[in-house]
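For reference, my_file_34.tsv is printed below; it contains TSV, C-alpha atoms.
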chain	number	residue	atom	x	y	z
A	1	MET	CA	-13.98	-15.90	25.36
A	2	THR	CA	-10.56	-17.25	24.46
A	3	PRO	CA	-10.17	-20.05	21.90
A	4	GLU	CA	-8.68	-22.28	24.59
A	5	ARG	CA	-11.73	-21.97	26.81
A	6	THR	CA	-14.06	-22.38	23.87
A	7	ALA	CA	-12.42	-25.71	23.10
A	8	MET	CA	-12.46	-26.79	26.72
A	9	ASN	CA	-16.16	-26.14	27.35
A	10	GLY	CA	-17.08	-27.86	24.10
A	11	ARG	CA	-19.19	-25.09	22.58
A	12	ARG	CA	-17.08	-24.60	19.46
A	13	LYS	CA	-13.64	-25.65	18.36
A	14	PRO	CA	-11.38	-22.73	17.46
A	15	SER	CA	-11.09	-21.84	13.79
A	16	PRO	CA	-7.73	-21.05	12.14
A	17	GLU	CA	-8.48	-17.33	12.60
A	18	ASP	CA	-9.24	-17.84	16.31
A	19	VAL	CA	-5.89	-19.53	16.80
A	20	ALA	CA	-4.11	-16.90	14.70
A	21	ASP	CA	-5.69	-14.11	16.80
A	22	ALA	CA	-4.57	-15.75	20.04
A	23	LEU	CA	-1.01	-16.09	18.77
A	24	ARG	CA	-1.04	-12.52	17.41
A	25	THR	CA	-1.88	-11.30	20.90
A	26	ARG	CA	1.06	-13.22	22.36
A	27	ILE	CA	3.38	-11.68	19.76
A	28	ARG	CA	2.03	-8.14	20.17
A	29	THR	CA	2.23	-8.25	23.98
A	30	GLY	CA	5.79	-9.59	23.93
A	31	GLU	CA	4.96	-13.00	25.36
A	32	LEU	CA	6.49	-14.28	22.12
A	33	LYS	CA	9.41	-12.08	21.02
A	34	PRO	CA	11.14	-11.71	17.63
A	35	GLY	CA	13.41	-14.73	17.17
A	36	ASP	CA	11.46	-16.97	19.57
A	37	SER	CA	10.35	-20.34	18.23
A	38	LEU	CA	6.68	-21.17	18.50
A	39	PRO	CA	5.59	-24.42	20.19
A	40	THR	CA	5.38	-27.35	17.81
A	41	GLN	CA	2.18	-27.88	15.85
A	42	ALA	CA	1.45	-30.91	18.02
A	43	VAL	CA	1.73	-28.85	21.21
A	44	LEU	CA	-0.48	-26.09	19.80
A	45	ALA	CA	-3.03	-28.64	18.59
A	46	GLY	CA	-3.22	-30.09	22.08
A	47	GLU	CA	-3.45	-26.66	23.72
A	48	PHE	CA	-6.32	-25.49	21.52
A	49	GLY	CA	-8.02	-28.90	21.20
A	50	ILE	CA	-7.86	-28.94	17.40
A	51	ASP	CA	-6.30	-30.85	14.52
A	52	ARG	CA	-2.80	-30.02	13.29
A	53	GLY	CA	-4.27	-28.95	9.95
A	54	VAL	CA	-6.10	-26.11	11.68
A	55	VAL	CA	-2.89	-25.09	13.46
A	56	ARG	CA	-1.04	-25.13	10.15
A	57	GLN	CA	-3.64	-22.84	8.55
A	58	ALA	CA	-3.37	-20.42	11.49
A	59	LEU	CA	0.42	-20.32	11.22
A	60	GLN	CA	0.21	-19.72	7.48
A	61	ARG	CA	-2.03	-16.73	8.12
A	62	LEU	CA	0.49	-15.30	10.56
A	63	GLN	CA	3.25	-15.87	8.03
A	64	GLY	CA	1.16	-14.03	5.44
A	65	ASP	CA	0.91	-11.12	7.89
A	66	GLY	CA	4.70	-11.08	8.13
A	67	LEU	CA	4.70	-12.18	11.78
A	68	LEU	CA	6.37	-15.58	11.32
A	69	THR	CA	9.20	-17.10	9.34
A	70	ALA	CA	8.43	-19.92	6.89
A	71	VAL	CA	5.86	-22.47	8.07
A	72	THR	CA	6.94	-26.05	7.33
A	73	ARG	CA	6.26	-29.54	8.63
A	74	GLY	CA	9.71	-29.56	10.20
A	75	ALA	CA	11.05	-27.13	12.78
A	76	PRO	CA	8.55	-24.69	14.34
A	77	PRO	CA	8.53	-21.22	12.76
A	78	LYS	CA	10.05	-18.28	14.58
A	79	VAL	CA	8.56	-14.88	15.32
A	80	ALA	CA	9.69	-12.38	12.69
A	81	SER	CA	10.49	-8.73	13.37
A	82	LEU	CA	7.28	-6.86	13.97
A	83	PRO	CA	6.16	-4.47	11.19
A	84	GLY	CA	6.53	-1.50	13.48
A	85	THR	CA	10.19	-2.33	14.17
A	86	GLN	CA	11.27	-2.58	10.55
A	87	ALA	CA	13.24	0.39	9.24
A	88	PRO	CA	11.39	2.52	6.67
A	89	GLN	CA	12.66	2.18	3.11
A	90	GLN	CA	12.57	4.23	-0.06
A	91	THR	CA	9.36	4.00	-2.06
A	92	ALA	CA	11.03	2.24	-4.98
A	93	ALA	CA	12.41	-0.46	-2.68
A	94	VAL	CA	9.26	-1.41	-0.78
A	95	LEU	CA	6.11	-0.35	-2.64
A	96	GLY	CA	6.11	-3.23	-5.13
A	97	ALA	CA	6.40	-5.84	-2.38
A	98	ARG	CA	3.51	-4.35	-0.43
A	99	MET	CA	1.36	-4.19	-3.57
A	100	LEU	CA	2.15	-7.85	-4.23
A	101	LYS	CA	1.01	-8.73	-0.72
A	102	ALA	CA	-2.19	-6.70	-1.22
A	103	PHE	CA	-2.98	-8.64	-4.39
A	104	THR	CA	-3.16	-11.90	-2.46
A	105	HIS	CA	-6.58	-10.77	-1.17
A	106	ASP	CA	-9.72	-11.92	-2.97
A	107	ASP	CA	-10.94	-8.35	-3.48
A	108	VAL	CA	-8.09	-5.87	-3.92
A	109	ARG	CA	-8.76	-2.25	-2.97
A	110	ILE	CA	-6.02	0.34	-3.48
A	111	ASP	CA	-6.32	4.10	-2.94
A	112	ALA	CA	-3.35	6.23	-3.96
A	113	LEU	CA	-2.63	9.94	-3.59
A	114	CYS	CA	0.50	11.16	-5.33
A	115	LEU	CA	2.09	13.86	-7.51
A	116	THR	CA	2.19	11.51	-10.51
A	117	ALA	CA	1.70	7.74	-10.92
A	118	GLU	CA	5.42	7.32	-11.62
A	119	SER	CA	6.04	5.11	-8.56
A	120	LEU	CA	2.69	3.35	-8.80
A	121	VAL	CA	3.19	2.00	-12.33
A	122	PRO	CA	6.30	-0.14	-11.64
A	123	ALA	CA	5.00	-1.08	-8.19
A	124	LEU	CA	1.96	-2.75	-9.76
A	125	SER	CA	3.81	-4.44	-12.62
A	126	GLU	CA	4.84	-7.61	-10.73
A	127	SER	CA	1.31	-8.16	-9.41
A	128	LEU	CA	-0.22	-7.73	-12.86
A	129	THR	CA	2.36	-10.07	-14.40
A	130	ARG	CA	1.52	-12.76	-11.85
A	131	ILE	CA	-2.20	-12.36	-12.51
A	132	THR	CA	-1.57	-12.84	-16.23
A	133	ALA	CA	0.51	-15.94	-15.47
A	134	GLY	CA	-2.26	-17.34	-13.26
A	135	GLU	CA	-0.14	-17.18	-10.11
A	136	LEU	CA	-2.44	-14.64	-8.45
A	137	ARG	CA	-6.21	-14.97	-8.74
A	138	PRO	CA	-8.06	-12.14	-7.03
A	139	ASN	CA	-11.76	-11.82	-7.82
A	140	SER	CA	-11.67	-8.07	-8.32
A	141	VAL	CA	-9.40	-5.03	-8.28
A	142	LYS	CA	-10.56	-1.51	-7.46
A	143	LEU	CA	-7.98	1.23	-7.88
A	144	ARG	CA	-8.57	4.91	-7.14
A	145	VAL	CA	-5.90	7.54	-7.78
A	146	LEU	CA	-5.84	11.19	-6.73
A	147	LEU	CA	-3.53	13.46	-8.74
A	148	PRO	CA	-3.04	17.26	-8.82
A	149	ASP	CA	-5.28	19.15	-11.21
A	150	ARG	CA	-3.69	20.27	-14.47
A	151	GLU	CA	-4.79	23.90	-14.01
A	152	ILE	CA	-3.36	24.66	-10.58
A	153	ASP	CA	-0.20	26.65	-9.87
A	154	LEU	CA	1.95	23.85	-8.46
A	155	ALA	CA	4.08	24.44	-5.36
A	156	PHE	CA	6.55	21.99	-6.96
A	157	PRO	CA	7.96	21.30	-9.45
A	158	ARG	CA	8.50	24.95	-10.34
A	159	ARG	CA	11.27	27.36	-11.29
A	160	THR	CA	13.32	28.75	-8.42
A	161	GLU	CA	13.03	32.13	-10.14
A	162	PRO	CA	9.61	32.35	-11.82
A	163	VAL	CA	9.47	33.73	-15.37
A	164	GLU	CA	6.13	35.25	-16.24
A	165	GLY	CA	4.35	33.33	-18.98
A	166	ASP	CA	6.89	30.46	-18.98
A	167	GLU	CA	5.02	27.16	-18.45
A	168	ALA	CA	7.88	24.82	-19.43
A	169	VAL	CA	8.30	23.23	-15.96
A	170	HIS	CA	4.56	22.84	-15.46
A	171	ASP	CA	4.12	21.43	-18.96
A	172	ARG	CA	6.81	18.83	-18.35
A	173	TRP	CA	5.15	17.75	-15.09
A	174	LEU	CA	1.75	17.59	-16.77
A	175	ALA	CA	3.09	15.50	-19.65
A	176	ASN	CA	4.63	13.06	-17.15
A	177	ARG	CA	1.45	12.95	-15.04
A	178	ASN	CA	-0.66	12.17	-18.10
A	179	LEU	CA	1.80	9.64	-19.55
A	180	GLN	CA	2.12	7.64	-16.32
A	181	ALA	CA	-1.64	7.66	-15.78
A	182	LYS	CA	-2.23	6.39	-19.32
A	183	VAL	CA	0.39	3.65	-18.89
A	184	LEU	CA	-1.35	2.59	-15.69
A	185	LEU	CA	-4.74	2.46	-17.40
A	186	GLN	CA	-3.34	0.53	-20.36
A	187	SER	CA	-1.59	-2.01	-18.12
A	188	LEU	CA	-4.78	-2.73	-16.21
A	189	GLU	CA	-6.85	-2.87	-19.38
A	190	ALA	CA	-4.43	-5.43	-20.83
A	191	VAL	CA	-4.93	-7.65	-17.78
A	192	ARG	CA	-8.69	-7.20	-17.91
A	193	SER	CA	-8.81	-8.20	-21.58
A	194	THR	CA	-6.95	-11.48	-20.98
A	195	SER	CA	-8.63	-12.63	-17.75
A	196	ALA	CA	-12.00	-12.83	-16.07
A	197	LEU	CA	-10.82	-10.37	-13.46
A	198	SER	CA	-13.15	-7.49	-12.59
A	199	ILE	CA	-11.09	-4.29	-12.68
A	200	ASP	CA	-12.41	-0.85	-11.76
A	201	VAL	CA	-10.02	2.09	-12.17
A	202	ALA	CA	-10.93	5.70	-11.40
A	203	MET	CA	-8.83	8.87	-11.26
A	204	ARG	CA	-9.68	12.29	-9.90
A	205	ALA	CA	-7.88	15.61	-9.68
A	206	MET	CA	-7.09	17.60	-6.54
A	207	PRO	CA	-6.98	21.44	-6.41
A	208	PHE	CA	-3.67	21.42	-4.50
A	209	THR	CA	-0.11	20.11	-4.61
A	210	PRO	CA	0.14	17.10	-2.25
A	211	PRO	CA	3.00	17.50	0.28
A	212	VAL	CA	2.82	13.74	0.94
A	213	LYS	CA	2.12	10.53	-0.91
A	214	LEU	CA	-0.28	7.95	0.50
A	215	TYR	CA	-1.31	4.42	-0.42
A	216	VAL	CA	-4.12	2.64	1.44
A	217	LEU	CA	-4.15	-1.10	0.71
A	218	ASN	CA	-7.30	-3.14	1.29
A	219	GLY	CA	-8.25	-0.86	4.17
A	220	VAL	CA	-5.74	-2.60	6.45
A	221	GLU	CA	-2.40	-1.03	5.52
A	222	ALA	CA	-1.29	2.53	4.87
A	223	LEU	CA	2.01	3.55	3.27
A	224	PHE	CA	2.94	7.18	3.85
A	225	ALA	CA	5.83	9.36	2.68
A	226	TYR	CA	6.76	13.02	2.69
A	227	TYR	CA	7.76	14.71	-0.54
A	228	THR	CA	11.09	16.33	0.30
A	229	VAL	CA	11.54	19.35	-1.95
A	230	GLU	CA	15.04	20.12	-3.20
A	231	GLU	CA	16.63	22.64	-5.51
A	232	ARG	CA	18.42	21.26	-8.54
A	233	GLU	CA	19.18	21.94	-12.18
A	234	GLU	CA	17.31	20.21	-15.00
A	235	VAL	CA	17.52	20.63	-18.75
A	236	ILE	CA	14.04	21.62	-19.86
A	237	LYS	CA	13.33	22.34	-23.53
A	238	GLY	CA	17.08	22.37	-24.14
A	239	ALA	CA	17.89	24.97	-21.49
A	240	PRO	CA	19.45	24.43	-18.03
A	241	THR	CA	16.78	25.39	-15.51
A	242	ARG	CA	16.94	25.70	-11.73
A	243	ILE	CA	13.84	24.17	-10.19
A	244	TYR	CA	12.31	23.08	-6.90
A	245	ASP	CA	11.18	19.47	-7.15
A	246	ALA	CA	10.82	16.17	-5.28
A	247	LEU	CA	11.77	12.67	-6.39
A	248	GLY	CA	8.89	10.53	-5.19
A	249	SER	CA	10.63	7.20	-5.80
A	250	LEU	CA	13.31	8.19	-3.28
A	251	SER	CA	10.85	9.29	-0.58
A	252	THR	CA	11.06	7.29	2.65
A	253	LEU	CA	7.92	5.17	2.95
A	254	PHE	CA	6.48	4.46	6.40
A	255	ARG	CA	4.23	1.42	6.90
A	256	PHE	CA	1.22	1.26	9.19
A	257	GLU	CA	-0.75	-1.98	9.54
A	258	SER	CA	-4.05	-2.45	11.36
A	259	SER	CA	-2.77	-5.69	12.87
A	260	ALA	CA	0.20	-3.91	14.49
A	261	GLY	CA	-1.78	-2.32	17.34
A	262	VAL	CA	-4.15	0.52	18.17
A	263	ARG	CA	-1.87	3.33	16.96
A	264	ASP	CA	-1.37	1.79	13.52
A	265	GLN	CA	-5.01	0.76	13.33
A	266	GLN	CA	-6.13	4.34	13.93
A	267	PHE	CA	-3.63	5.74	11.42
A	268	VAL	CA	-4.87	3.37	8.71
A	269	ALA	CA	-8.50	4.22	9.47
A	270	GLU	CA	-7.83	7.98	9.47
A	271	SER	CA	-5.84	7.74	6.24
A	272	ALA	CA	-8.67	5.89	4.54
A	273	GLU	CA	-11.20	8.43	5.83
A	274	TRP	CA	-9.03	11.37	4.69
A	275	PHE	CA	-8.70	9.92	1.20
A	276	GLU	CA	-12.45	9.28	1.07
A	277	SER	CA	-13.20	12.85	2.12
A	278	LEU	CA	-11.03	14.30	-0.67
A	279	TRP	CA	-12.45	11.89	-3.23
A	280	ASN	CA	-16.07	12.72	-2.42
A	281	THR	CA	-15.77	16.50	-2.02
A	282	ILE	CA	-13.14	18.63	-3.74
A	283	ALA	CA	-11.77	16.10	-6.26
A	284	THR	CA	-12.91	16.39	-9.88
A	285	PRO	CA	-12.54	14.16	-12.98
A	286	VAL	CA	-9.01	13.96	-14.37
A	287	VAL	CA	-8.37	15.17	-17.92
A	288	LEU	CA	-5.51	13.24	-19.50
A	289	ASP	CA	-5.63	14.66	-23.01
A	290	ALA	CA	-2.94	17.10	-24.04

I'd like the structure from this file rewritten - as structure tokens, please.
Amino acid sequence: MTPERTAMNGRRKPSPEDVADALRTRIRTGELKPGDSLPTQAVLAGEFGIDRGVVRQALQRLQGDGLLTAVTRGAPPKVASLPGTQAPQQTAAVLGARMLKAFTHDDVRIDALCLTAESLVPALSESLTRITAGELRPNSVKLRVLLPDREIDLAFPRRTEPVEGDEAVHDRWLANRNLQAKVLLQSLEAVRSTSALSIDVAMRAMPFTPPVKLYVLNGVEALFAYYTVEEREEVIKGAPTRIYDALGSLSTLFRFESSAGVRDQQFVAESAEWFESLWNTIATPVVLDA
């Protein structure tokens, strides 16, 4: 039953989420297109048989989903570009903003699969700073991170011409993996020690080199990127070394949101299930000591 009919037959007045869902449908189906102005709050209140305050709450929810421009008491907001139409961006450019949005939830749940936590550490820094300042107040944070196991023969980074017994490239990757993971743990512990926030952090190791990076945010958004492997020269232990490697911070990050339609909804659900399957089967505890 639609919110409009619910209001008309008197059984129950629509809630802010009911109104938001009805307007989401109009946006997703193209009845309201990017750039279109919504009806005024007064018109919407009359249509749904509710107070303007309820309309305002519904519009604020849509703004929080990125579907509307700023909601004010003046001119009606406009429909923003849909998430699926926004051009993908490099990980370093977009991951922090999406993490910040995720931290507006009461209970934050983040699952990350990556080669190291090098992109994850700066992406979380703004959210943690705002929690410390009291600007964000989630009830709890649960973070799970999957990283490659220290003992495996990595597909990358590695020498272009392997030298038997030379572990310099692997050792450098392992040192970076461990350092970034420790920085992440320390940052979260610092927030936990200065607030009443419940923080649960867990890390596990995978027996393979991930060809992709994946972040699942609150079970409703998935950020996905391919690691593009390139050949380049690095100075390792004082010697120029040709290696195959990927720069994760430059990887193009694709966004999928459950609210964007069936395709995105299924991708988010499958991504969460895939992560869960790795976590509960072949992943083992991470060892961060040297």

Length of the atom CA of A:Asp21 to atom CA of A:Ser258 vector [Å]: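 Going from atom CA of A:Asp21 over to atom CA of A:Ser258 covers 13.0 Å.
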
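Of the listed residues (A:Ala58, A:Ile50, A:Ala133, A:Val43), A:Ala58 comes nearest to A:Pro16; the distances count all atoms listed in the file.
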
Hey, can you check how far atom CA of A:Thr252 sits from atom CA of A:Ala168?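 These atoms are spaced 28.4 Å apart.
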
I need the residue nearest A:Glu161 from this list: A:Leu120, A:Thr241, A:Arg137, A:Val262. Use all atoms listed in the file for the distance. A:Thr241

Please tabulate, as a Markdown table, the residues of stretch 88-160 of chain A that come within 7 Å of stretch 191-210 of chain A, each with its closest pair of atoms and the distance in Å to one decimal, counting only C-alpha atoms and ordering rows by chain, then residue number upward.
| residue | atom | partner | partner_atom | distance |
| --- | --- | --- | --- | --- |
| A:Cys114 | CA | A:Pro210 | CA | 6.7 |
| A:Leu115 | CA | A:Pro210 | CA | 6.5 |
| A:Leu128 | CA | A:Val191 | CA | 6.8 |
| A:Thr132 | CA | A:Val191 | CA | 6.4 |
| A:Asn139 | CA | A:Leu197 | CA | 5.9 |
| A:Ser140 | CA | A:Ser198 | CA | 4.6 |
| A:Val141 | CA | A:Ile199 | CA | 4.8 |
| A:Lys142 | CA | A:Asp200 | CA | 4.7 |
| A:Leu143 | CA | A:Val201 | CA | 4.8 |
| A:Arg144 | CA | A:Ala202 | CA | 4.9 |
| A:Val145 | CA | A:Met203 | CA | 4.7 |
| A:Leu146 | CA | A:Arg204 | CA | 5.1 |
| A:Leu147 | CA | A:Ala205 | CA | 4.9 |
| A:Pro148 | CA | A:Met206 | CA | 4.7 |
| A:Asp149 | CA | A:Ala205 | CA | 4.7 |
| A:Ile152 | CA | A:Pro207 | CA | 6.4 |
| A:Leu154 | CA | A:Thr209 | CA | 5.7 |
| A:Ala155 | CA | A:Thr209 | CA | 6.1 |

Can you tell me, as a list in words, what residues are no more than 12 Å from A:Glu167 when counting all atoms listed in the file, ignoring any on the same chain fewer than 2 positions away?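 Within the cut-off, the hits are Arg150, Glu151, Ile152, Asp153, Leu154, Pro157, Arg158, Arg159, Pro162, Val163, Glu164, Gly165, Val169, His170, Asp171, Arg172, Trp173, Leu174, Ala175, Ile236 and Lys237 of chain A.
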
Which residues, written as a ChimeraX atom specification, have at least one atom at most 12 Å from A:Val121, with all atoms listed in the file counted and residues fewer than 6 positions away on the same chain left out? /A:92,95-96,99,112,114,127-128,145,177,179-188,249

Selected residue of minimal separation from A:Gly248 among A:Val54, A:Leu23, A:Ala93, A:Ala272, counting all atoms listed in the file: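 Selected residue with least distance to A:Gly248: A:Ala93.
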
How would stretch 137-161 of chain A read, as a PDB file, in the coordinates of the input, once N, CA, C and O atoms are built in?
ATOM      1  N   ARG A 137      -4.843 -14.863  -8.219  1.00  0.00           N
ATOM      2  CA  ARG A 137      -6.210 -14.970  -8.740  1.00  0.00           C
ATOM      3  C   ARG A 137      -7.209 -14.204  -7.866  1.00  0.00           C
ATOM      4  O   ARG A 137      -8.132 -14.794  -7.301  1.00  0.00           O
ATOM      5  N   PRO A 138      -7.042 -12.893  -7.756  1.00  0.00           N
ATOM      6  CA  PRO A 138      -8.060 -12.140  -7.030  1.00  0.00           C
ATOM      7  C   PRO A 138      -9.371 -12.121  -7.830  1.00  0.00           C
ATOM      8  O   PRO A 138      -9.368 -12.310  -9.045  1.00  0.00           O
ATOM      9  N   ASN A 139     -10.474 -11.902  -7.140  1.00  0.00           N
ATOM     10  CA  ASN A 139     -11.760 -11.820  -7.820  1.00  0.00           C
ATOM     11  C   ASN A 139     -11.974 -10.457  -8.462  1.00  0.00           C
ATOM     12  O   ASN A 139     -12.598 -10.346  -9.518  1.00  0.00           O
ATOM     13  N   SER A 140     -11.451  -9.414  -7.806  1.00  0.00           N
ATOM     14  CA  SER A 140     -11.670  -8.070  -8.320  1.00  0.00           C
ATOM     15  C   SER A 140     -10.553  -7.144  -7.862  1.00  0.00           C
ATOM     16  O   SER A 140      -9.874  -7.400  -6.861  1.00  0.00           O
ATOM     17  N   VAL A 141     -10.368  -6.069  -8.627  1.00  0.00           N
ATOM     18  CA  VAL A 141      -9.400  -5.030  -8.280  1.00  0.00           C
ATOM     19  C   VAL A 141     -10.085  -3.676  -8.447  1.00  0.00           C
ATOM     20  O   VAL A 141     -10.664  -3.399  -9.500  1.00  0.00           O
ATOM     21  N   LYS A 142     -10.033  -2.872  -7.394  1.00  0.00           N
ATOM     22  CA  LYS A 142     -10.560  -1.510  -7.460  1.00  0.00           C
ATOM     23  C   LYS A 142      -9.442  -0.553  -7.110  1.00  0.00           C
ATOM     24  O   LYS A 142      -8.906  -0.598  -6.001  1.00  0.00           O
ATOM     25  N   LEU A 143      -9.082   0.283  -8.054  1.00  0.00           N
ATOM     26  CA  LEU A 143      -7.980   1.230  -7.880  1.00  0.00           C
ATOM     27  C   LEU A 143      -8.499   2.651  -8.050  1.00  0.00           C
ATOM     28  O   LEU A 143      -9.145   2.966  -9.054  1.00  0.00           O
ATOM     29  N   ARG A 144      -8.213   3.493  -7.063  1.00  0.00           N
ATOM     30  CA  ARG A 144      -8.570   4.910  -7.140  1.00  0.00           C
ATOM     31  C   ARG A 144      -7.304   5.742  -6.957  1.00  0.00           C
ATOM     32  O   ARG A 144      -6.518   5.482  -6.042  1.00  0.00           O
ATOM     33  N   VAL A 145      -7.121   6.735  -7.813  1.00  0.00           N
ATOM     34  CA  VAL A 145      -5.900   7.540  -7.780  1.00  0.00           C
ATOM     35  C   VAL A 145      -6.272   9.018  -7.759  1.00  0.00           C
ATOM     36  O   VAL A 145      -7.063   9.479  -8.587  1.00  0.00           O
ATOM     37  N   LEU A 146      -5.691   9.744  -6.804  1.00  0.00           N
ATOM     38  CA  LEU A 146      -5.840  11.190  -6.730  1.00  0.00           C
ATOM     39  C   LEU A 146      -4.548  11.851  -7.197  1.00  0.00           C
ATOM     40  O   LEU A 146      -3.465  11.538  -6.697  1.00  0.00           O
ATOM     41  N   LEU A 147      -4.665  12.757  -8.170  1.00  0.00           N
ATOM     42  CA  LEU A 147      -3.530  13.460  -8.740  1.00  0.00           C
ATOM     43  C   LEU A 147      -3.816  14.966  -8.743  1.00  0.00           C
ATOM     44  O   LEU A 147      -4.988  15.371  -8.768  1.00  0.00           O
ATOM     45  N   PRO A 148      -2.794  15.823  -8.756  1.00  0.00           N
ATOM     46  CA  PRO A 148      -3.040  17.260  -8.820  1.00  0.00           C
ATOM     47  C   PRO A 148      -3.736  17.650 -10.131  1.00  0.00           C
ATOM     48  O   PRO A 148      -3.481  17.060 -11.179  1.00  0.00           O
ATOM     49  N   ASP A 149      -4.592  18.640 -10.034  1.00  0.00           N
ATOM     50  CA  ASP A 149      -5.280  19.150 -11.210  1.00  0.00           C
ATOM     51  C   ASP A 149      -4.306  19.839 -12.154  1.00  0.00           C
ATOM     52  O   ASP A 149      -3.348  20.480 -11.724  1.00  0.00           O
ATOM     53  N   ARG A 150      -4.562  19.708 -13.445  1.00  0.00           N
ATOM     54  CA  ARG A 150      -3.690  20.270 -14.470  1.00  0.00           C
ATOM     55  C   ARG A 150      -3.641  21.788 -14.446  1.00  0.00           C
ATOM     56  O   ARG A 150      -2.670  22.401 -14.909  1.00  0.00           O
ATOM     57  N   GLU A 151      -4.677  22.443 -13.913  1.00  0.00           N
ATOM     58  CA  GLU A 151      -4.790  23.900 -14.010  1.00  0.00           C
ATOM     59  C   GLU A 151      -4.177  24.643 -12.834  1.00  0.00           C
ATOM     60  O   GLU A 151      -4.043  25.866 -12.890  1.00  0.00           O
ATOM     61  N   ILE A 152      -3.817  23.939 -11.763  1.00  0.00           N
ATOM     62  CA  ILE A 152      -3.360  24.660 -10.580  1.00  0.00           C
ATOM     63  C   ILE A 152      -1.914  25.138 -10.728  1.00  0.00           C
ATOM     64  O   ILE A 152      -1.140  24.607 -11.529  1.00  0.00           O
ATOM     65  N   ASP A 153      -1.582  26.155  -9.936  1.00  0.00           N
ATOM     66  CA  ASP A 153      -0.200  26.650  -9.870  1.00  0.00           C
ATOM     67  C   ASP A 153       0.531  25.783  -8.857  1.00  0.00           C
ATOM     68  O   ASP A 153       0.389  25.962  -7.651  1.00  0.00           O
ATOM     69  N   LEU A 154       1.302  24.820  -9.341  1.00  0.00           N
ATOM     70  CA  LEU A 154       1.950  23.850  -8.460  1.00  0.00           C
ATOM     71  C   LEU A 154       2.983  24.504  -7.535  1.00  0.00           C
ATOM     72  O   LEU A 154       3.736  25.387  -7.950  1.00  0.00           O
ATOM     73  N   ALA A 155       3.022  24.020  -6.283  1.00  0.00           N
ATOM     74  CA  ALA A 155       4.080  24.440  -5.360  1.00  0.00           C
ATOM     75  C   ALA A 155       5.420  23.867  -5.797  1.00  0.00           C
ATOM     76  O   ALA A 155       6.469  24.482  -5.640  1.00  0.00           O
ATOM     77  N   PHE A 156       5.381  22.653  -6.357  1.00  0.00           N
ATOM     78  CA  PHE A 156       6.550  21.990  -6.960  1.00  0.00           C
ATOM     79  C   PHE A 156       6.026  20.921  -7.887  1.00  0.00           C
ATOM     80  O   PHE A 156       4.936  20.374  -7.651  1.00  0.00           O
ATOM     81  N   PRO A 157       6.731  20.644  -8.970  1.00  0.00           N
ATOM     82  CA  PRO A 157       7.960  21.300  -9.450  1.00  0.00           C
ATOM     83  C   PRO A 157       7.659  22.698  -9.994  1.00  0.00           C
ATOM     84  O   PRO A 157       6.599  22.932 -10.565  1.00  0.00           O
ATOM     85  N   ARG A 158       8.624  23.585  -9.816  1.00  0.00           N
ATOM     86  CA  ARG A 158       8.500  24.950 -10.340  1.00  0.00           C
ATOM     87  C   ARG A 158       9.882  25.575 -10.407  1.00  0.00           C
ATOM     88  O   ARG A 158      10.830  25.113  -9.776  1.00  0.00           O
ATOM     89  N   ARG A 159      10.000  26.631 -11.192  1.00  0.00           N
ATOM     90  CA  ARG A 159      11.270  27.360 -11.290  1.00  0.00           C
ATOM     91  C   ARG A 159      11.610  27.988  -9.934  1.00  0.00           C
ATOM     92  O   ARG A 159      10.728  28.430  -9.196  1.00  0.00           O
ATOM     93  N   THR A 160      12.907  28.038  -9.624  1.00  0.00           N
ATOM     94  CA  THR A 160      13.320  28.750  -8.420  1.00  0.00           C
ATOM     95  C   THR A 160      13.125  30.256  -8.590  1.00  0.00           C
ATOM     96  O   THR A 160      12.852  30.959  -7.622  1.00  0.00           O
ATOM     97  N   GLU A 161      13.273  30.724  -9.817  1.00  0.00           N
ATOM     98  CA  GLU A 161      13.030  32.130 -10.140  1.00  0.00           C
ATOM     99  C   GLU A 161      11.959  32.175 -11.221  1.00  0.00           C
ATOM    100  O   GLU A 161      12.249  31.972 -12.408  1.00  0.00           O
TER     101      GLU A 161
END
